[in-house]
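**Student:** Before I ask anything, let me first share the structure, which is written out below as structure tokens.
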Amino acid sequence: MRRNHYSDQKVDTFNWQVLKALWPYLLEFKVRIGFALVCLILTKIASVYLPFILKDIVDILDTQKENQIYLVPFGLVAAYGLTRFTIVIFAEIRDTLFGRVTERAIRRIGLKVFRHLHNLDLDFHLNRQTGGLSRDIDRGNTGVNFLMRFMVFNIVPTLFEIVMVITILFVNYGFWFAFITLISIVSYISYSVYATEWRTGYIREANKADSSSNTRAIDSLLNYETVKYFTNEEYEAQAYDENLAEWEKAKTKNRLSLFALNGGQALIISLSMTSMLGLAAYEVTNQNMTLGDFVLINAFMMQLFIPLNFLGFVYREIKGSLANIESMFDLLDKKPKVEDIPDAPELILKQGAISFEQISFSYHAERTIIDNLSFTIKAGQKVAVVGESGSGKSTLVKLLFRFYDVTSGKIIIDGQAINNVTQHSLRKHIGIVPQDTVLFNDTLFANVHYGNPEASEEAVYKAIDLAHLSVFVASLPDGVETRVGERGLKLSGGEKQRVAIARTILKNPAILVFDEATSSLDSHSEQAILMAIKEVSEHRTSLVIAHRLSTIVDADHIIVMQLGKIIEQGDHTSLLTLNGHYKKMWQLQQSS
């Protein structure tokens with residue numbers, strides 16, 4: 001099927017690179033983490049001391065005579081309750097302190113990924129699949145949350161507790177108790193690690209299938225009208241179901257492997273508990289140990305295996321989290337193909353003159369799009385570029401905005417090569433009205449205001465008026481607060497184009513680009529747009545990519561392109577007198 005997941009998942013062992021990348025976010029709150037660790041240590045000390053209180057209670061109750069005072073056992077019971085309460089309180093304080101660290105890390109990483117995606121080149125975004133990409137980021141943030149919380153406060157302290165318990169058993173009860181405990185823990189951890197590594201492949205499969213199905217669903221819903229036009233609802237449903245079937249198969253494998261993991265862990269715990277309690281019972285029978293010692297060993301084993309069982313879950317989830325985070329960190333590893341040179345200066349705009357000097361460009365080596373092309377747009381001049389589809393007209397716009405870098409040659413603005421200045425400063429001085437205007441799912445006012453978020457409300461209304469949108473806005477029940485729908489689908493083509501013009505007016509750039517801004521409009525809308533364009537373009541440098549020649553007859557200079565080369569140039573009148581390609585295009589359009 002089409003629309004495969006955009007990124008292959010990596011198969012590797014425990015991903016220490018991910019942990020290394022997360023480390024700086026932990027260091028941001030050193031004092032808070034320090035207090036959290038103190039609470040953690042106190043919690044573990046209290047946990048290890050708890051079985052000793054239980055032992056003392058049992059031993060006193062076992063040996064106490066009828067006429068003895070009951071103050072001591074009840075005092076120990078109270079101490080037992082207080083210790084349990086202390087463990088819970090310290091754990092809650094620890095989690096509360098560390099919660100801020102986790103939340104800040106997720107915020108920082110989320111922002112970093114968002115900014116990085118906007119810094120990636122156009123080629124990445126043309127090939128991306130939004131549904132799968134969104135899913136990878138969501139799972140990545142969830143994985144970071146889990147990893148930071150449980151890595152610090154479950155794995156490390158549980159290992160610390162294991163060392164303390166084994167030491168206590170060895171010192172107080174001899175070699176065999178410590179040995180059985182050690183063998184049990186090593187067996188449990190080894191099996192958990194082996195089985196979890198085996199399961200991680202199934203987790204990745206499930207994640208990939210989940211991303212693919214989500215990509216399919218988002219893609220289909222975004223193209224709702226196309227689905228309806230071609231009556232392909234059932235085709236889309238079947239394709240979506242195929243993706244869901246892959247997800248179901250992967251989840252089934254995941255569940256069965258989880259059964260094997262949990263079953264093996266339960267067997268090791270049962271054998272260990274039976275062995276330890278059998279040995280303890282034997283020692284009690286031979287009067288080498290008290291009943292309290294038996295209870296203490298039982299409490300220690302339960303206290304060890306409950307967190308150890310949870311540790312198996314944590315390790316399993318950490319591996320899953322690492323698999324989830326991999327895709328998000330893969331995004332951060334992607335390098336944009338277009339980057340600023342080190343210490344690049346900002347573009348200093350003086351007049352707005354643009355020069356294309358022997359530029360060549362190709363998306364792929366086997367096909368040249370622009371071939372050794374040169375022309376100049378003087379400051380304040382309106383230059384139009386025309387030609388058949390595939391001639392390279394719109395590619396000039398992408399190169400001017402530096403969405404791609406030229407293969408050879410230079411594009412110069414006021415004497416400065418655009419690949420030597422920052423992309424931000426370059427784009428700040430250029431405004432565009434594209435062929436296909438895509439709006440945000442927000443109000444009409446917000447979409448115009450997007451041209452300059454710092455502009456006043458008065459300036460927004462002025463831009464709306466200059467773009468000849470006022471009458472249309474007045475006809476709307478909610479006026480400028482009307483929501484335009486996803487990608488502006490509630491507006492017509494002409495209305496969207498005028499919103500784009502208003503947005504560009506508000507930006508107030510010195511250089512304007514119109515990329516076939518009227519190609520898909522009716523005659524009435526076209527005239528309104530042309531009037532707005534003419535007013536906006538006055539005294540500004542303008543590059544107009546045109547399909548309809550009637551829209552650029554007033555251009556100062558017209559360039560005719562074919563297969564990436566300039567074949568004719570001049571003004572409208574001189575080009576007609578040439579009796580060349582331009583005149584044929586003109587006659588063809590006039591007769592249609």
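In the structure tokens, chains take letters A, B, ... by order of appearance, with residues numbered from 1 within each chain and ligands from 1 in the order shown.
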Please identify all polymer residues within 12 Å of A:Ala266, counting only C-alpha atoms, omitting same-chain residues fewer than 3 positions from it, and present them as a ChimeraX atom specification.

**Tutor:** /A:184,187-188,191-192,259-263,269-273,305-306,308-310,312

**Student:** What does the file look like for those residues with N, CA and C atoms, as an mmCIF file, in the first residue's frame?

**Tutor:**
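Listing of result.cif after writing:
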data_model
loop_
_atom_site.group_PDB
_atom_site.id
_atom_site.type_symbol
_atom_site.label_atom_id
_atom_site.label_comp_id
_atom_site.auth_asym_id
_atom_site.auth_seq_id
_atom_site.Cartn_x
_atom_site.Cartn_y
_atom_site.Cartn_z
ATOM 1 N N SER A 184 18.527 -15.915 43.098
ATOM 2 C CA SER A 184 17.155 -15.613 42.676
ATOM 3 C C SER A 184 17.100 -14.281 41.930
ATOM 4 N N SER A 187 18.960 -14.485 38.556
ATOM 5 C CA SER A 187 18.135 -15.240 37.593
ATOM 6 C C SER A 187 16.973 -14.380 37.099
ATOM 7 N N TYR A 188 16.330 -13.690 38.043
ATOM 8 C CA TYR A 188 15.170 -12.872 37.696
ATOM 9 C C TYR A 188 15.568 -11.744 36.741
ATOM 10 N N TYR A 191 16.739 -13.137 33.233
ATOM 11 C CA TYR A 191 15.604 -13.552 32.417
ATOM 12 C C TYR A 191 14.806 -12.346 31.927
ATOM 13 N N SER A 192 14.603 -11.370 32.815
ATOM 14 C CA SER A 192 13.833 -10.174 32.448
ATOM 15 C C SER A 192 14.515 -9.408 31.322
ATOM 16 N N PHE A 259 3.163 -12.460 27.992
ATOM 17 C CA PHE A 259 2.740 -13.626 28.773
ATOM 18 C C PHE A 259 3.950 -14.497 29.132
ATOM 19 N N ALA A 260 4.823 -14.713 28.126
ATOM 20 C CA ALA A 260 6.026 -15.526 28.365
ATOM 21 C C ALA A 260 6.929 -14.859 29.392
ATOM 22 N N LEU A 261 7.058 -13.542 29.312
ATOM 23 C CA LEU A 261 7.909 -12.800 30.244
ATOM 24 C C LEU A 261 7.348 -12.871 31.669
ATOM 25 N N ASN A 262 6.057 -12.560 31.807
ATOM 26 C CA ASN A 262 5.439 -12.574 33.141
ATOM 27 C C ASN A 262 5.413 -13.980 33.754
ATOM 28 N N GLY A 263 5.151 -14.982 32.916
ATOM 29 C CA GLY A 263 5.132 -16.369 33.394
ATOM 30 C C GLY A 263 6.487 -16.805 33.914
ATOM 31 N N ILE A 269 10.138 -16.250 40.930
ATOM 32 C CA ILE A 269 9.735 -15.729 42.244
ATOM 33 C C ILE A 269 9.200 -16.859 43.135
ATOM 34 N N SER A 270 8.358 -17.717 42.569
ATOM 35 C CA SER A 270 7.771 -18.822 43.343
ATOM 36 C C SER A 270 8.846 -19.769 43.851
ATOM 37 N N LEU A 271 9.774 -20.173 42.995
ATOM 38 C CA LEU A 271 10.852 -21.078 43.402
ATOM 39 C C LEU A 271 11.733 -20.439 44.477
ATOM 40 N N SER A 272 12.010 -19.150 44.308
ATOM 41 C CA SER A 272 12.870 -18.445 45.270
ATOM 42 C C SER A 272 12.202 -18.337 46.634
ATOM 43 N N MET A 273 10.932 -17.917 46.640
ATOM 44 C CA MET A 273 10.198 -17.766 47.895
ATOM 45 C C MET A 273 10.082 -19.116 48.613
ATOM 46 N N PHE A 305 10.894 -8.873 46.202
ATOM 47 C CA PHE A 305 10.341 -9.321 44.933
ATOM 48 C C PHE A 305 9.191 -8.447 44.425
ATOM 49 N N ILE A 306 8.530 -7.749 45.351
ATOM 50 C CA ILE A 306 7.489 -6.822 44.868
ATOM 51 C C ILE A 306 8.128 -5.701 44.034
ATOM 52 N N LEU A 308 11.119 -5.853 42.795
ATOM 53 C CA LEU A 308 11.853 -6.507 41.712
ATOM 54 C C LEU A 308 10.901 -6.886 40.578
ATOM 55 N N ASN A 309 9.705 -7.336 40.956
ATOM 56 C CA ASN A 309 8.682 -7.626 39.954
ATOM 57 C C ASN A 309 8.309 -6.347 39.216
ATOM 58 N N PHE A 310 8.202 -5.256 40.006
ATOM 59 C CA PHE A 310 7.919 -3.954 39.405
ATOM 60 C C PHE A 310 9.105 -3.500 38.553
ATOM 61 N N GLY A 312 10.983 -5.445 36.859
ATOM 62 C CA GLY A 312 10.826 -6.102 35.560
ATOM 63 C C GLY A 312 9.894 -5.332 34.661
#

**Student:** Can you tell me which residues surround A:Leu563 at a distance of at most 7 Å, considering only C-alpha atoms, apart from same-chain residues fewer than 2 positions away, and format the answer as a count of residues only?

**Tutor:** 6

**Student:** Please, which residues of stretch 322-548 of chain A, numbered as in this document, come out strand (DSSP E) from DSSP, as a PyMOL selection string?

**Tutor:** chain A and resi 354-361+370-377+382-387+408-413+416-417+430-433+511-515+541-545

**Student:** Just the selected residues (C-alpha atoms), exported as a PDB file, in the first residue's frame, please.

**Tutor:**
ATOM      1  CA  ILE A 354      17.540  41.202  -7.288  1.00  0.00           C
ATOM      2  CA  SER A 355      20.013  39.512  -9.605  1.00  0.00           C
ATOM      3  CA  PHE A 356      19.989  35.877 -10.741  1.00  0.00           C
ATOM      4  CA  GLU A 357      23.527  35.196 -11.976  1.00  0.00           C
ATOM      5  CA  GLN A 358      24.074  32.034 -14.045  1.00  0.00           C
ATOM      6  CA  ILE A 359      22.069  29.879 -11.656  1.00  0.00           C
ATOM      7  CA  SER A 360      21.512  26.183 -12.226  1.00  0.00           C
ATOM      8  CA  PHE A 361      19.459  23.823 -10.089  1.00  0.00           C
ATOM      9  CA  ILE A 370      17.091  25.542 -14.016  1.00  0.00           C
ATOM     10  CA  ASP A 371      19.900  25.705 -16.547  1.00  0.00           C
ATOM     11  CA  ASN A 372      22.446  28.573 -16.410  1.00  0.00           C
ATOM     12  CA  LEU A 373      19.789  31.261 -16.030  1.00  0.00           C
ATOM     13  CA  SER A 374      20.544  34.984 -15.581  1.00  0.00           C
ATOM     14  CA  PHE A 375      18.326  38.062 -15.253  1.00  0.00           C
ATOM     15  CA  THR A 376      17.984  41.143 -13.060  1.00  0.00           C
ATOM     16  CA  ILE A 377      15.041  42.824 -11.349  1.00  0.00           C
ATOM     17  CA  LYS A 382       7.845  44.491 -11.746  1.00  0.00           C
ATOM     18  CA  VAL A 383       9.239  41.484 -13.583  1.00  0.00           C
ATOM     19  CA  ALA A 384       7.028  38.621 -14.720  1.00  0.00           C
ATOM     20  CA  VAL A 385       8.153  35.073 -15.501  1.00  0.00           C
ATOM     21  CA  VAL A 386       5.946  33.004 -17.815  1.00  0.00           C
ATOM     22  CA  GLY A 387       6.220  29.613 -19.451  1.00  0.00           C
ATOM     23  CA  SER A 408      25.712  26.690  -9.162  1.00  0.00           C
ATOM     24  CA  GLY A 409      25.611  30.448  -9.662  1.00  0.00           C
ATOM     25  CA  LYS A 410      24.353  33.108  -7.269  1.00  0.00           C
ATOM     26  CA  ILE A 411      21.190  34.970  -6.335  1.00  0.00           C
ATOM     27  CA  ILE A 412      22.088  38.457  -5.158  1.00  0.00           C
ATOM     28  CA  ILE A 413      19.952  41.074  -3.379  1.00  0.00           C
ATOM     29  CA  GLN A 416      24.622  40.421  -1.079  1.00  0.00           C
ATOM     30  CA  ALA A 417      24.568  36.741  -2.065  1.00  0.00           C
ATOM     31  CA  ILE A 430      10.166  39.077   1.081  1.00  0.00           C
ATOM     32  CA  GLY A 431       6.376  38.757   0.985  1.00  0.00           C
ATOM     33  CA  ILE A 432       4.519  36.158  -1.069  1.00  0.00           C
ATOM     34  CA  VAL A 433       1.020  35.511  -2.342  1.00  0.00           C
ATOM     35  CA  ILE A 511      10.180  42.585  -2.162  1.00  0.00           C
ATOM     36  CA  LEU A 512       6.959  40.939  -3.313  1.00  0.00           C
ATOM     37  CA  VAL A 513       6.470  37.582  -5.008  1.00  0.00           C
ATOM     38  CA  PHE A 514       3.230  36.495  -6.657  1.00  0.00           C
ATOM     39  CA  ASP A 515       3.308  32.814  -7.566  1.00  0.00           C
ATOM     40  CA  THR A 541      10.327  45.199  -6.299  1.00  0.00           C
ATOM     41  CA  SER A 542       7.996  42.483  -7.622  1.00  0.00           C
ATOM     42  CA  LEU A 543       8.511  39.046  -9.115  1.00  0.00           C
ATOM     43  CA  VAL A 544       5.335  37.665 -10.684  1.00  0.00           C
ATOM     44  CA  ILE A 545       5.081  34.018 -11.725  1.00  0.00           C
TER      45      ILE A 545
END

**Student:** Could you work out how far atom CA of A:Glu92 lies from atom CA of A:Val163, giving the answer in Å with one decimal?

**Tutor:**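 Interatomic distance here is 23.8 Å.
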
**Student:** Have a look at A:Val48, A:Ser475, A:Glu486, A:Ser389 and name the one nearest to A:Leu222; count only C-alpha atoms.

**Tutor:**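 Smallest distance to A:Leu222 is found for A:Glu486.
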
**Student:** Neighbours of A:Leu22 within 9 Å (only C-alpha atoms; same-chain residues fewer than 6 positions away dropped), as a ChimeraX atom specification?

**Tutor:** /A:105,109,144,148

**Student:** So that I have them on file, write out the residues from the current selection with N, CA and C atoms, as a short mmCIF file (atom, residue, chain, number, x, y, z; two decimals), in the first residue's frame.

**Tutor:**
data_model
loop_
_atom_site.label_atom_id
_atom_site.label_comp_id
_atom_site.auth_asym_id
_atom_site.auth_seq_id
_atom_site.Cartn_x
_atom_site.Cartn_y
_atom_site.Cartn_z
N ALA A 105 11.42 18.93 31.50
CA ALA A 105 12.17 18.22 30.45
C ALA A 105 11.29 17.98 29.23
N ILE A 109 12.13 19.48 25.60
CA ILE A 109 12.33 18.58 24.45
C ILE A 109 11.26 18.81 23.40
N VAL A 144 9.72 9.86 27.34
CA VAL A 144 10.62 10.69 28.15
C VAL A 144 10.10 10.78 29.58
N MET A 148 12.41 9.17 32.61
CA MET A 148 13.04 10.02 33.61
C MET A 148 12.55 9.69 35.02
#

**Student:** Show which residues sit within 10 Å of A:Phe403, as a compact mmCIF listing (two decimals) with C-alpha atoms, in the first residue's frame. Count only C-alpha atoms, and ignore same-chain residues fewer than 6 positions away.

**Tutor:**
# COMPACT_ATOMS: atom_id res chain seq x y z
CA LEU A 120 14.29 21.36 8.46
CA ASP A 121 14.24 21.98 4.73
CA LEU A 122 11.23 21.98 2.41
CA ASP A 123 12.25 18.62 0.96
CA LYS A 337 19.99 20.58 3.64
CA VAL A 338 19.87 24.37 3.67
CA GLU A 339 21.82 25.93 6.54
CA THR A 395 11.32 26.77 -8.64
CA VAL A 397 10.53 31.33 -6.01
CA GLN A 423 17.63 32.74 6.08
